[in-house]
Amino acid sequence: MLTLTGYANRLSVIAGDTIQFHVAKASAEVLTAEVVRVDCADPNPAIGGIRYTSTALDVHELGPACAQHVPIGSYASLGSAGLLENHERFTLCLLLQPRLRSANTQVICSNRDESAQGFQLEQLSNGQLALRMSSTGQDHLLSLEAPLHLGSWYRVLLSVDGPAQRAALIATDLRSSYKQERELCTNTRLRLGSKAQLSLASASAHKPLDCFNGRIEDPWLLARILDGEQTRELADAAADPDCIAAWDFSQAMHSQRVVDIGPFKDHGELFNTPTRAVRGSQWNGKEQCFRHAPRHYAAIHFHQDDLDDCRWPATHAVQIPLDFASDAYALLLKTGTFSENIPFFVVPPKGQARSKIAVLVSTYTYTVYGNHARPEWFADPAWRESYIDQVQSWGAYPHNPGEHQDFGLSTYNSHPDGSGIGLVSWRRPMLNLRMGYLTYPYPEIRASGLRHYPADSHLLMWLKHHKLDFDLVTDEELHREGLDRLRPYQTLITGSHPEYHSEAMLDALQNYRDQGGKLIYLGGNGFYWKIALDPAREGIIEVRRAEGGIRAWAAEPGEYFHQFDSEYGGLWRRNARPPQQLVGVGFTAQGNFVGSYYRIRKEARADPLVSWILEGIDEEIIGLEGFSGHGAAGFELDRADERLGTPARAVVIASSEKHPADAPWVLVPEEQLTHITTLPGKSHQELIRADMTYFDCPGGGAVFSVGSITFCGSLPSGDFNNPCSRLLLNVVRRFTSS
């Protein structure tokens with residue numbers, strides 16, 4: 001754990017409301033806290049380094065900041081406490097698919113209390129299935145001989161006959177019918193009931209402990225003894241007269257509720273949001289959507305590193321005045337030699353715009369990338385050493401998710417069992433959402449090496465330099481309030497990477513554009529992935545990396561539908577809404593974090609539809625410098641494509657070219673047919689470009705797009721006096737002049 005860290009209960013706060021912070025401190029030194037206005041989140045000395053301004057806001061201490069632990073790992077509590085306390089004879093059955101061989105014991109099911117009374121099903125470090133029992137002070141361990149095969153489904157049966165002084169453990173491979181069986185006979189009466197609540201995937205029903213990695217399906221309990229053959233022939237455990245409980249994971253998949261379909265309705269609860277709507281033991285490939293065959297998806301995938309909320313107590317609160325300026329802020333914490341900053345954004349009340357310009361802050365994208373541990377951190381010691389050296393020399397944010405994985409990783413990482421992380425939350429410290437966080441080292445090649453939150457501060461700096469008043473709107477307000485939140489603004493500007501969006505967000509943006517709003521898209525790889533939000537809890541986001549797309553991992557076949565909203569996930573392009581339909585350009589190519597330039601097209605200067613954008617710009621080549629990749633067109637590029645929805649009236653003003661050969665560029669998979677052919681029928685090289693594009697809309701709206709993730713990094717070059725800056729200034733002034 002870090003000596004000092006924390007998180008906010010939300011990433012944005014509406015003026016007039018209160019935001020709370022959850023701070024953990026392992027130091028005995030006095031803690032100070034103040035709210036600062038973020039002027040520059042880029043630590044690069046060439047831009048002036050990290051800068052902030054103190055505010056007069058009071059920070060109210062709600063309680064002491066103490067050392068905390070992170071309750072990481074998903075699990076379930078089943079039924080009421082003492083469920084088996086009065087049952088000396090019972091049979092427990094569940095279906096099991098182990099996914100990870102671990103050096104640690106993984107608990108599958110337990111009812112052991114604080115005195116260790118009860119039983120515990122375990123997967124041992126060697127992969128064997130074992131039963132650990134404690135009865136009236138005597139301990140027993142019963143293990144099967146052969147290890148369980150990873151990825152295979154097993155029917156696991158535990159029968160306990162207390163008066164007969166025996167217990168049996170059976171595991172049957174559902175594919176081969178191969179069965180392992182062990183029996184234990186004792187010299188005393190077995191009493192395995194306890195006052196504890198039954199837990200699944202954890203040794204405790206109240207905290208994650210020795211968590212299991214894999215899938216579990218259909219646990220049930222009967223108050224009588226069954227052998228393996230009787231269990232296989234049992235048609236419906238819930239209807240059996242001796243049923244204690246039978247939990248059906250195919251119900252209420254959008255929730256954290258576990259439904260007991262037995263006679264007593266002794267339901268359960270999930271913790272840390274394990275993955276639902278996944279293939280179970282019955283899945284045969286005939287249905288791809290869990291709504292059509294829910295019993296084919298009656299499993300839950302548990303992971304030892306799932307985390308949806310650190311659950312730390314709130315330690316500080318800040319009341320934001322109604323007239324407080326909308327901007328980027330941070331809670332700045334200090335104790336002894338340690339410091340921490342927790343960014344947040346202040347937005348005005350709905351319908352009370354204070355400027356003509358709104359900037360859309362991509363807080364959902366920030367969360368999806370939260371704690372992205374980059375592969376270079378683990379694979380390349382030289383890269384890691386260079387990173388640490390640059391952090392120290394620049395005074396940048398000192399912590400990296402690759403080194404501190406205490407708080408869960410991002411959806412660009414995988415769980416220990418190799419499955420992709422698809423569920424994330426902002427209720428945890430996100431180390432890359434910090435002032436001064438560096439994504440890439442090597443400043444001589446990649447300038448500041450920033451992405452997401454620190455990179456987007458370049459745009460806010462540019463607006464302030466040119467004295468352009470603005471309000472902030474975050475993804476959260478856009479999703480919850482829709483068009484009503486945007487309607488008062490003449491112009492909406494995105495940051496460098498607005499990648500993740502819900503349907504409600506896209507609807508709001510399209511309606512804003514079509515009803516007269518001016519939309520400026522200043523990024524690349526935007527409007528790309530579809531997300532779903534937890535319907536009951538704020539701040540929990542789901543991603544299913546379905547067919548196609550640049551992906552850090554691939555969703556397993558048959559698991560392309562979100563558990564939260566039951567809709568098909570993946571690319572918006574595969575959901576009938578390619579980015580080109582909204583902003584004229586869409587993701588086409590990716591390379592290393594190195595930038596190139598744009599070449600202005602001659603015909604654009606003569607076209608009255610766009611010639612005003614180029615006023616005062618005599619250069620043919622623009623964007624040769626920048627604090628992101630040393631160029632305005634780099635890393636991830638978007639291009640126009642009428643086939644995908646770019647309006648026929650759209651004008652490409654400039655296109656990038658000559659992207660550095662030492663940064664290997666790849667066409668996005670959804671544009672490739674083979675290694676030499678593409679869907680548009682053009683060469684790979686022709687499709688690797690950023691298109692700066694403009695079009696107007698019949699309702700009076702208009703769209704200007706740059707098609708590059710590194711464009712905003714060029715704005716501060718030359719003290720904000722450069723062709724990219726002047727060009728954008730032309731657009732913003734025209735869009736806000738009416």
# chains A, B, ... in the order shown; residues from 1 in each chain; ligands from 1
$ residues_around --residues "A:Gly436" --least-positions-apart "6" --cutoff "7 Å" --atoms "only C-alpha atoms" --output "ChimeraX atom specification"
/A:41-43,50,396-397,454
$ residues_around --residues "A:Ala239" --least-positions-apart "3" --cutoff "9 Å" --atoms "only C-alpha atoms" --output "PyMOL selection string"
chain A and resi 235-236+242-243+261-263
$ write_last_selection --atoms "N, CA, C and O atoms" --output "mmCIF file, in the first residue's frame"
data_model
loop_
_atom_site.group_PDB
_atom_site.id
_atom_site.type_symbol
_atom_site.label_atom_id
_atom_site.label_comp_id
_atom_site.auth_asym_id
_atom_site.auth_seq_id
_atom_site.Cartn_x
_atom_site.Cartn_y
_atom_site.Cartn_z
ATOM 1 N N ALA A 235 -33.602 -34.066 -11.300
ATOM 2 C CA ALA A 235 -34.052 -33.149 -12.349
ATOM 3 C C ALA A 235 -34.125 -31.711 -11.863
ATOM 4 O O ALA A 235 -33.795 -30.776 -12.594
ATOM 5 N N ASP A 236 -34.567 -31.506 -10.629
ATOM 6 C CA ASP A 236 -34.804 -30.147 -10.148
ATOM 7 C C ASP A 236 -34.599 -30.114 -8.642
ATOM 8 O O ASP A 236 -35.491 -30.478 -7.867
ATOM 9 N N ASP A 242 -36.632 -31.961 0.177
ATOM 10 C CA ASP A 242 -35.570 -31.750 1.153
ATOM 11 C C ASP A 242 -34.664 -30.571 0.788
ATOM 12 O O ASP A 242 -33.573 -30.433 1.345
ATOM 13 N N CYS A 243 -35.113 -29.745 -0.131
ATOM 14 C CA CYS A 243 -34.275 -28.626 -0.573
ATOM 15 C C CYS A 243 -34.097 -27.605 0.555
ATOM 16 O O CYS A 243 -35.077 -27.134 1.153
ATOM 17 N N ILE A 261 -34.049 -20.117 -5.816
ATOM 18 C CA ILE A 261 -35.320 -20.557 -6.386
ATOM 19 C C ILE A 261 -35.935 -21.692 -5.572
ATOM 20 O O ILE A 261 -36.936 -22.274 -5.972
ATOM 21 N N GLY A 262 -35.300 -22.009 -4.439
ATOM 22 C CA GLY A 262 -35.840 -23.026 -3.555
ATOM 23 C C GLY A 262 -37.033 -22.513 -2.774
ATOM 24 O O GLY A 262 -37.453 -21.352 -2.914
ATOM 25 N N PRO A 263 -37.603 -23.340 -1.916
ATOM 26 C CA PRO A 263 -38.860 -22.984 -1.231
ATOM 27 C C PRO A 263 -38.716 -21.856 -0.215
ATOM 28 O O PRO A 263 -39.706 -21.194 0.108
#
$ residues_around --residues "stretch 651-656 of chain A" --least-positions-apart "4" --cutoff "8 Å" --atoms "only C-alpha atoms" --output "PyMOL selection string"
chain A and resi 596-601+604+610+633+640+689-695
$ closest_residue --among "A:Arg434, A:His316, A:Lys518, A:Lys356" --to "A:Asp58" --atoms "only C-alpha atoms"
A:His316
